[in-house]
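Engineer: Structure provided below as structure tokens; questions to follow.
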Amino acid sequence: MVDVVVVGAGAAGVGAGQVLAARGVSHVILEASGRIGGRAYTDRASLPGHWDQGGQWFHCADVNPLVPVAAALGWDFEQEPNTAPSLHHLGGRWLTAAEGTAADAALEAGFAAVYAAAAAGREVTVAAVQPDHGPSAAFVRHVFQLMISGDPEGTSALGYGDYEDSDVNLVVTGGMGALIERLAEGLPIRTGKAVVAIAERKGGVRVDLADGGVIDAKAAIVTVSTNVLISGAIRFDAAGSVRDVLDLMQDVPCGAYEKVAFAVDRLPFDQTDAPFLSVQPDGAGRLQSFQVLTGAKPKLIAHVGGSVARDWAALGREARVSEAEAFLVAAFGADVRRRLVGAATTDWQGNPWVRGAYSYAVAGRGGSRRAMWAAGAEGAVRFAGEAFSPRWHSTVHGAWASGREVAEQVALGLR
Ligand SMILES: Cc1cc2nc3c(=O)[nH]c(=O)nc-3n(C[C@H](O)[C@H](O)[C@H](O)COP(=O)(O)OP(=O)(O)OC[C@H]3O[C@@H](n4cnc5c(N)ncnc54)[C@H](O)[C@@H]3O)c2cc1C
């Protein structure tokens with residue numbers, strides 16, 4: 001018997017565990033997979049050096065509560081946002097600096113329109129409020145797909161507006177997943193322990209594990225992704241408030257976001273401080289962006305979101321790599337292949353313990369996240385994680401802060 005069972009050892013579960021440990025509350029953190037970090041995962045094996053398969057930016061870095069924690073540990077992360085211009089290759093040519101600035105301005109206008117609609121309480125889709133972005137339309141759509149992990153036409157602008165963006169983003173060069181692992185040191189985490197059922201009972205909860213184990217506790221904090229919960233992988237026998245949370249969650253599923261990472265012996269362009277490179281071979285069809293990682297082991301990392309990432313999931317690894325490679329060839333010619341010394345891909349949608357990327361409010365349901373958050377605010381079964389962050393959904397720091405906040409409330413309730 002422990003006081004609290006935490007389900008999942010991602011950022012939220014680790015944040016919850018840190019608070020419970022500090023408050024002297026007995027607890028155990030059950031993690032289905034074989035590693036700590038969940039969607040914060042620093043891959044040290046597939047390519048020279050390391051790269052983050054999931055979260056890797058400190059978003060909202062000027063107010064992000066993980067930043068001072070990382071700084072105190074001496075963790076490596078960018079100290080200033082990289083404001084160098086990105087590179088754009090469109091329709092067979094490099095855009096001029098002025099054209100690149102216009103693309104960035106279109107993006108800003110796109111986000112401003114979404115926040116204006118949300119501030120006005122309008123329940124409209126992200127796509128519906130977009131101005132005409134002219135030649136930058138594909139670029140703006142691509143970035144929205146990354147930010148939402150869904151498509152603009154299927155996403156509520158009202159729901160998106162819950163995210164309080166301060167627009168300061170820093171790459172965690174030391175590895176975001178590695179940072180969460182570091183924060184987890186000393187916590188009572190048991191990996192390879194999948195929870196299959198949680199039942200409220202007199203005085204607390206009973207938690208059933210896939211291996212037949214049973215743990216009784218006074219409370220449970222569930223931090224798994226909304227897609228895992230929507231899939232029914234964990235059965236609940238609990239009060240109406242838990243059912244309300246699960247019903248509302250149908251409106252806040254995880255979308256899709258995948259990466260293809262190329263290790264390069266050197267970058268195939270001179271402006272190596274560019275944070276991103278975008279390529280649209282025919283000037284009208286699909287556009288692909290690559291994050292530029294410099295340093296001793298440079299990398300170009302293709303990011304895809306929304307329906308594009310869903311389509312990529314249906315392809316095998318080799319086909320995903322060749323698709324991404326084709327965009328590099330379109331920009332730099334076939335010789336660029338000689339620069340590529342390794343390739344690796346993510347598969348968040350195929351990961352049974354994640355089943356997608358991060359949560360977004362579907363069209364017409366912009367209020368569901370807040371309603372879900374409020375519905376789950378009491379009882380012996382509590383929910384935390386990125387989807388339950390009122391200010392910073394879809395992020396590592398939002399997940400971590402949400403785990404900490406719920407753990408504080410649970411610890412207080414136990415006293
Ligand atoms: C490709 C991609 C890029 C991203 N980029 C960024 C970024 O740059 N910056 C940023 O801040 N955020 C980013 N994010 C989002 C961020 O990674 C997540 O919001 C955050 O890591 C989620 O943390 P969590 O603790 O809520 O959930 P998770 O990390 O999913 O943790 C839940 C844990 O529960 C475990 N679990 C699942 N089912 C069970 C079960 N039945 N029993 C026990 N354990 C179970 C899982 O294995 C997992 O470890 C990105 C995400 C993706 C996918």
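Chain identifiers are assigned as A, B, and so on, following the order in which chains appear in the structure tokens; residues are numbered from 1 within each chain, and ligands are numbered from 1 in order of appearance.
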For ligand 1, collect every residue having any atom at a distance of at most 7 Å from a ligand atom (counting only C-alpha atoms and all ligand atoms); output as a ChimeraX atom specification.
Structural biologist: /A:7-13,30-33,36-40,53-59,193-196,223-225,228,233-234,257-259,348,353-354,356-358,384-387,393-397,399-400
Engineer: Enumerate as JSON, numbers by chain all residues of region 68-210 of chain A assigned to alpha helix (DSSP H) by DSSP on the backbone, naming them with the chain letters and numbers the document uses.
Structural biologist: {"A": [68, 69, 70, 71, 72, 97, 98, 99, 100, 101, 102, 103, 104, 105, 106, 107, 108, 109, 110, 111, 112, 113, 114, 115, 116, 117, 118, 119, 137, 138, 139, 140, 141, 142, 143, 144, 145, 146, 147, 148, 157, 158, 159, 160, 176, 177, 178, 179, 180, 181, 182, 183]}
Engineer: Find the residues near Val6 (chain A): any atom within 6 Å, counting only C-alpha atoms, skip ones fewer than 6 places away on the same chain, and give them as a ChimeraX atom specification.
Structural biologist: /A:29,220-221
Engineer: Mind pulling up the distance from CA of Gly283 (chain A) to CA of Phe327 (chain A)?
Structural biologist: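 Computed distance, CA of Phe327 (chain A) to CA of Gly283 (chain A), equals 12.2 Å.
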Engineer: Within 9 Å of region 105-120 of chain A, counting only C-alpha atoms, which residues qualify if same-chain residues fewer than 5 places away don't, as a ChimeraX atom specification?
Structural biologist: /A:100,125-127,129-134,136-137,139-141,143-144,156-162,366
Engineer: Could the residues in this selection be written to a file with N, CA and C atoms, as a PDB file, in the first residue's frame?
Structural biologist:
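Written file, part-v6.pdb:
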```pdb
ATOM      1  N   GLY A 100      11.978  35.988 -47.877  1.00  0.00           N
ATOM      2  CA  GLY A 100      11.984  35.184 -46.649  1.00  0.00           C
ATOM      3  C   GLY A 100      11.314  35.931 -45.513  1.00  0.00           C
ATOM      4  N   THR A 125     -12.594  27.492 -37.002  1.00  0.00           N
ATOM      5  CA  THR A 125     -11.382  26.688 -37.185  1.00  0.00           C
ATOM      6  C   THR A 125     -10.171  27.608 -37.412  1.00  0.00           C
ATOM      7  N   VAL A 126      -8.994  27.042 -37.204  1.00  0.00           N
ATOM      8  CA  VAL A 126      -7.762  27.794 -37.464  1.00  0.00           C
ATOM      9  C   VAL A 126      -7.709  28.192 -38.940  1.00  0.00           C
ATOM     10  N   ALA A 127      -8.159  27.289 -39.826  1.00  0.00           N
ATOM     11  CA  ALA A 127      -8.119  27.572 -41.269  1.00  0.00           C
ATOM     12  C   ALA A 127      -9.050  28.726 -41.631  1.00  0.00           C
ATOM     13  N   VAL A 129      -9.860  31.441 -40.216  1.00  0.00           N
ATOM     14  CA  VAL A 129      -9.494  32.833 -39.918  1.00  0.00           C
ATOM     15  C   VAL A 129      -8.206  33.261 -40.620  1.00  0.00           C
ATOM     16  N   GLN A 130      -7.656  32.372 -41.460  1.00  0.00           N
ATOM     17  CA  GLN A 130      -6.392  32.728 -42.115  1.00  0.00           C
ATOM     18  C   GLN A 130      -6.608  33.756 -43.221  1.00  0.00           C
ATOM     19  N   PRO A 131      -5.806  34.827 -43.225  1.00  0.00           N
ATOM     20  CA  PRO A 131      -5.835  35.720 -44.383  1.00  0.00           C
ATOM     21  C   PRO A 131      -5.221  35.019 -45.597  1.00  0.00           C
ATOM     22  N   ASP A 132      -5.289  35.644 -46.742  1.00  0.00           N
ATOM     23  CA  ASP A 132      -4.665  35.059 -47.937  1.00  0.00           C
ATOM     24  C   ASP A 132      -3.146  35.204 -47.797  1.00  0.00           C
ATOM     25  N   HIS A 133      -2.451  34.074 -47.684  1.00  0.00           N
ATOM     26  CA  HIS A 133      -1.006  34.140 -47.484  1.00  0.00           C
ATOM     27  C   HIS A 133      -0.220  34.109 -48.792  1.00  0.00           C
ATOM     28  N   GLY A 134      -0.915  34.149 -49.929  1.00  0.00           N
ATOM     29  CA  GLY A 134      -0.236  34.204 -51.228  1.00  0.00           C
ATOM     30  C   GLY A 134       0.776  33.087 -51.378  1.00  0.00           C
ATOM     31  N   SER A 136       3.121  32.212 -49.618  1.00  0.00           N
ATOM     32  CA  SER A 136       3.562  31.603 -48.353  1.00  0.00           C
ATOM     33  C   SER A 136       2.520  30.649 -47.769  1.00  0.00           C
ATOM     34  N   ALA A 137       1.431  30.393 -48.495  1.00  0.00           N
ATOM     35  CA  ALA A 137       0.315  29.614 -47.928  1.00  0.00           C
ATOM     36  C   ALA A 137       0.768  28.224 -47.468  1.00  0.00           C
ATOM     37  N   PHE A 139       3.739  27.235 -46.640  1.00  0.00           N
ATOM     38  CA  PHE A 139       4.660  27.367 -45.502  1.00  0.00           C
ATOM     39  C   PHE A 139       3.864  27.574 -44.203  1.00  0.00           C
ATOM     40  N   VAL A 140       2.888  28.472 -44.250  1.00  0.00           N
ATOM     41  CA  VAL A 140       2.088  28.764 -43.047  1.00  0.00           C
ATOM     42  C   VAL A 140       1.323  27.510 -42.623  1.00  0.00           C
ATOM     43  N   ARG A 141       0.739  26.822 -43.589  1.00  0.00           N
ATOM     44  CA  ARG A 141      -0.013  25.604 -43.256  1.00  0.00           C
ATOM     45  C   ARG A 141       0.916  24.558 -42.612  1.00  0.00           C
ATOM     46  N   VAL A 143       3.677  25.003 -40.900  1.00  0.00           N
ATOM     47  CA  VAL A 143       4.062  25.350 -39.521  1.00  0.00           C
ATOM     48  C   VAL A 143       2.873  25.129 -38.581  1.00  0.00           C
ATOM     49  N   PHE A 144       1.664  25.475 -39.029  1.00  0.00           N
ATOM     50  CA  PHE A 144       0.492  25.204 -38.182  1.00  0.00           C
ATOM     51  C   PHE A 144       0.358  23.697 -37.910  1.00  0.00           C
ATOM     52  N   SER A 156      -9.892  23.779 -33.593  1.00  0.00           N
ATOM     53  CA  SER A 156     -10.571  24.961 -33.071  1.00  0.00           C
ATOM     54  C   SER A 156      -9.572  26.070 -32.759  1.00  0.00           C
ATOM     55  N   ALA A 157      -9.794  27.256 -33.323  1.00  0.00           N
ATOM     56  CA  ALA A 157      -8.946  28.411 -33.003  1.00  0.00           C
ATOM     57  C   ALA A 157      -9.133  28.796 -31.540  1.00  0.00           C
ATOM     58  N   LEU A 158     -10.356  28.653 -31.047  1.00  0.00           N
ATOM     59  CA  LEU A 158     -10.641  28.972 -29.638  1.00  0.00           C
ATOM     60  C   LEU A 158      -9.799  28.080 -28.726  1.00  0.00           C
ATOM     61  N   GLY A 159      -9.752  26.801 -29.046  1.00  0.00           N
ATOM     62  CA  GLY A 159      -8.965  25.858 -28.246  1.00  0.00           C
ATOM     63  C   GLY A 159      -7.479  26.146 -28.358  1.00  0.00           C
ATOM     64  N   TYR A 160      -7.024  26.461 -29.553  1.00  0.00           N
ATOM     65  CA  TYR A 160      -5.593  26.750 -29.739  1.00  0.00           C
ATOM     66  C   TYR A 160      -5.187  27.953 -28.894  1.00  0.00           C
ATOM     67  N   GLY A 161      -6.110  28.910 -28.794  1.00  0.00           N
ATOM     68  CA  GLY A 161      -5.822  30.149 -28.068  1.00  0.00           C
ATOM     69  C   GLY A 161      -5.584  29.940 -26.583  1.00  0.00           C
ATOM     70  N   ASP A 162      -5.886  28.762 -26.052  1.00  0.00           N
ATOM     71  CA  ASP A 162      -5.577  28.491 -24.638  1.00  0.00           C
ATOM     72  C   ASP A 162      -4.074  28.491 -24.397  1.00  0.00           C
ATOM     73  N   GLY A 366     -13.745  23.957 -28.853  1.00  0.00           N
ATOM     74  CA  GLY A 366     -12.654  24.737 -28.261  1.00  0.00           C
ATOM     75  C   GLY A 366     -12.694  24.809 -26.747  1.00  0.00           C
TER      76      GLY A 366
END
```
Engineer: Would you kindly return, as a PyMOL selection string, each protein, DNA or RNA residue with an atom no farther than 10 Å from any atom of His89 (chain A), considering only C-alpha atoms and excluding same-chain residues fewer than 3 positions away?
Structural biologist: chain A and resi 92-96+100+277-283+287-289+327-328+330-332
Engineer: Which value, in Å to one decimal, gives the distance between CA of Gly379 (chain A) and CA of Tyr163 (chain A)?
Structural biologist: 26.3 Å
Engineer: Can you pull out every residue within 6 Å of Val19 (chain A), counting only C-alpha atoms, but drop anything in the same chain fewer than 3 positions away, and send it as a PDB file with C-alpha atoms, in the first residue's frame?
Structural biologist:
```
ATOM      1  CA  ALA A  16       4.399  14.693  -9.816  1.00  0.00           C
ATOM      2  CA  ALA A  22       9.496  16.556  -1.437  1.00  0.00           C
ATOM      3  CA  ARG A 404       3.507  19.106 -10.059  1.00  0.00           C
TER       4      ARG A 404
END
```
Engineer: Can you work out the spacing between CA of Ser149 (chain A) and CA of Arg391 (chain A) in Å, to one decimal?
Structural biologist: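 Between CA of Ser149 (chain A) and CA of Arg391 (chain A) the gap works out to 17.5 Å.
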Engineer: Kindly indicate which residue among A:Arg286, A:Arg23, A:Arg35, A:Arg369 lies nearest to Ala138 (chain A), using only C-alpha atoms for the distances.
Structural biologist: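 Closest to Ala138 (chain A), using only C-alpha atoms: A:Arg286.
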Engineer: Within region 280-385 of chain A, find each residue whose DSSP state, derived from the backbone, is strand (DSSP E), and express the selection as a list in words.
Structural biologist: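 DSSP-assigned strand (DSSP E) residues in region 280-385 of chain A: Gln280, Gln288, Ser289, Phe290, Gln291, Val292, Leu293, Lys299, Leu300, Ile301, Ala302, His303, Val304, Gly305, Leu340, Val341, Gly342, Ala343, Ala344, Thr345, Val381, Arg382 and Phe383 of chain A.
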Engineer: Keeping only N, CA and C atoms, write the selected residues to a file as a PDB file, in the first residue's frame.
Structural biologist:
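After the write, again_30.pdb holds the following:
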```pdb
ATOM      1  N   GLN A 280      10.177  23.693 -51.109  1.00  0.00           N
ATOM      2  CA  GLN A 280       8.931  23.389 -51.827  1.00  0.00           C
ATOM      3  C   GLN A 280       9.294  23.234 -53.301  1.00  0.00           C
ATOM      4  N   GLN A 288       8.390  20.990 -47.264  1.00  0.00           N
ATOM      5  CA  GLN A 288       9.022  20.269 -46.154  1.00  0.00           C
ATOM      6  C   GLN A 288      10.034  21.191 -45.475  1.00  0.00           C
ATOM      7  N   SER A 289      10.012  21.207 -44.136  1.00  0.00           N
ATOM      8  CA  SER A 289      11.034  21.999 -43.447  1.00  0.00           C
ATOM      9  C   SER A 289      12.024  21.082 -42.743  1.00  0.00           C
ATOM     10  N   PHE A 290      13.234  21.574 -42.607  1.00  0.00           N
ATOM     11  CA  PHE A 290      14.308  20.848 -41.920  1.00  0.00           C
ATOM     12  C   PHE A 290      14.876  21.756 -40.845  1.00  0.00           C
ATOM     13  N   GLN A 291      14.967  21.231 -39.652  1.00  0.00           N
ATOM     14  CA  GLN A 291      15.650  21.956 -38.588  1.00  0.00           C
ATOM     15  C   GLN A 291      17.150  21.767 -38.785  1.00  0.00           C
ATOM     16  N   VAL A 292      17.909  22.826 -38.583  1.00  0.00           N
ATOM     17  CA  VAL A 292      19.359  22.755 -38.781  1.00  0.00           C
ATOM     18  C   VAL A 292      20.028  22.666 -37.416  1.00  0.00           C
ATOM     19  N   LEU A 293      20.709  21.553 -37.152  1.00  0.00           N
ATOM     20  CA  LEU A 293      21.445  21.411 -35.892  1.00  0.00           C
ATOM     21  C   LEU A 293      22.928  21.436 -36.195  1.00  0.00           C
ATOM     22  N   LYS A 299      23.170  17.887 -37.942  1.00  0.00           N
ATOM     23  CA  LYS A 299      22.016  17.122 -38.425  1.00  0.00           C
ATOM     24  C   LYS A 299      21.026  18.032 -39.134  1.00  0.00           C
ATOM     25  N   LEU A 300      20.283  17.447 -40.063  1.00  0.00           N
ATOM     26  CA  LEU A 300      19.134  18.109 -40.676  1.00  0.00           C
ATOM     27  C   LEU A 300      17.931  17.247 -40.315  1.00  0.00           C
ATOM     28  N   ILE A 301      16.962  17.855 -39.640  1.00  0.00           N
ATOM     29  CA  ILE A 301      15.839  17.049 -39.139  1.00  0.00           C
ATOM     30  C   ILE A 301      14.545  17.521 -39.776  1.00  0.00           C
ATOM     31  N   ALA A 302      13.938  16.621 -40.573  1.00  0.00           N
ATOM     32  CA  ALA A 302      12.657  16.931 -41.203  1.00  0.00           C
ATOM     33  C   ALA A 302      11.560  16.773 -40.155  1.00  0.00           C
ATOM     34  N   HIS A 303      10.656  17.771 -40.084  1.00  0.00           N
ATOM     35  CA  HIS A 303       9.520  17.719 -39.156  1.00  0.00           C
ATOM     36  C   HIS A 303       8.236  17.685 -39.990  1.00  0.00           C
ATOM     37  N   VAL A 304       7.345  16.758 -39.697  1.00  0.00           N
ATOM     38  CA  VAL A 304       6.046  16.748 -40.395  1.00  0.00           C
ATOM     39  C   VAL A 304       4.930  16.608 -39.376  1.00  0.00           C
ATOM     40  N   GLY A 305       3.818  17.296 -39.637  1.00  0.00           N
ATOM     41  CA  GLY A 305       2.705  17.262 -38.690  1.00  0.00           C
ATOM     42  C   GLY A 305       1.373  17.042 -39.381  1.00  0.00           C
ATOM     43  N   LEU A 340      25.010  12.817 -46.498  1.00  0.00           N
ATOM     44  CA  LEU A 340      24.147  12.150 -45.498  1.00  0.00           C
ATOM     45  C   LEU A 340      24.853  10.896 -44.994  1.00  0.00           C
ATOM     46  N   VAL A 341      25.168  10.882 -43.707  1.00  0.00           N
ATOM     47  CA  VAL A 341      25.935   9.753 -43.178  1.00  0.00           C
ATOM     48  C   VAL A 341      25.091   8.871 -42.250  1.00  0.00           C
ATOM     49  N   GLY A 342      23.813   9.156 -42.136  1.00  0.00           N
ATOM     50  CA  GLY A 342      22.949   8.313 -41.308  1.00  0.00           C
ATOM     51  C   GLY A 342      21.544   8.884 -41.317  1.00  0.00           C
ATOM     52  N   ALA A 343      20.542   8.033 -41.124  1.00  0.00           N
ATOM     53  CA  ALA A 343      19.150   8.507 -41.072  1.00  0.00           C
ATOM     54  C   ALA A 343      18.384   7.713 -40.021  1.00  0.00           C
ATOM     55  N   ALA A 344      17.459   8.394 -39.370  1.00  0.00           N
ATOM     56  CA  ALA A 344      16.631   7.720 -38.354  1.00  0.00           C
ATOM     57  C   ALA A 344      15.247   8.367 -38.376  1.00  0.00           C
ATOM     58  N   THR A 345      14.226   7.621 -38.015  1.00  0.00           N
ATOM     59  CA  THR A 345      12.870   8.181 -38.015  1.00  0.00           C
ATOM     60  C   THR A 345      12.188   7.912 -36.673  1.00  0.00           C
ATOM     61  N   VAL A 381      -9.123   9.700  -8.287  1.00  0.00           N
ATOM     62  CA  VAL A 381      -8.434   9.506  -9.576  1.00  0.00           C
ATOM     63  C   VAL A 381      -8.268  10.870 -10.228  1.00  0.00           C
ATOM     64  N   ARG A 382      -7.032  11.290 -10.366  1.00  0.00           N
ATOM     65  CA  ARG A 382      -6.760  12.624 -10.924  1.00  0.00           C
ATOM     66  C   ARG A 382      -5.974  12.471 -12.222  1.00  0.00           C
ATOM     67  N   PHE A 383      -6.057  13.477 -13.079  1.00  0.00           N
ATOM     68  CA  PHE A 383      -5.357  13.429 -14.371  1.00  0.00           C
ATOM     69  C   PHE A 383      -4.367  14.593 -14.469  1.00  0.00           C
TER      70      PHE A 383
END
```
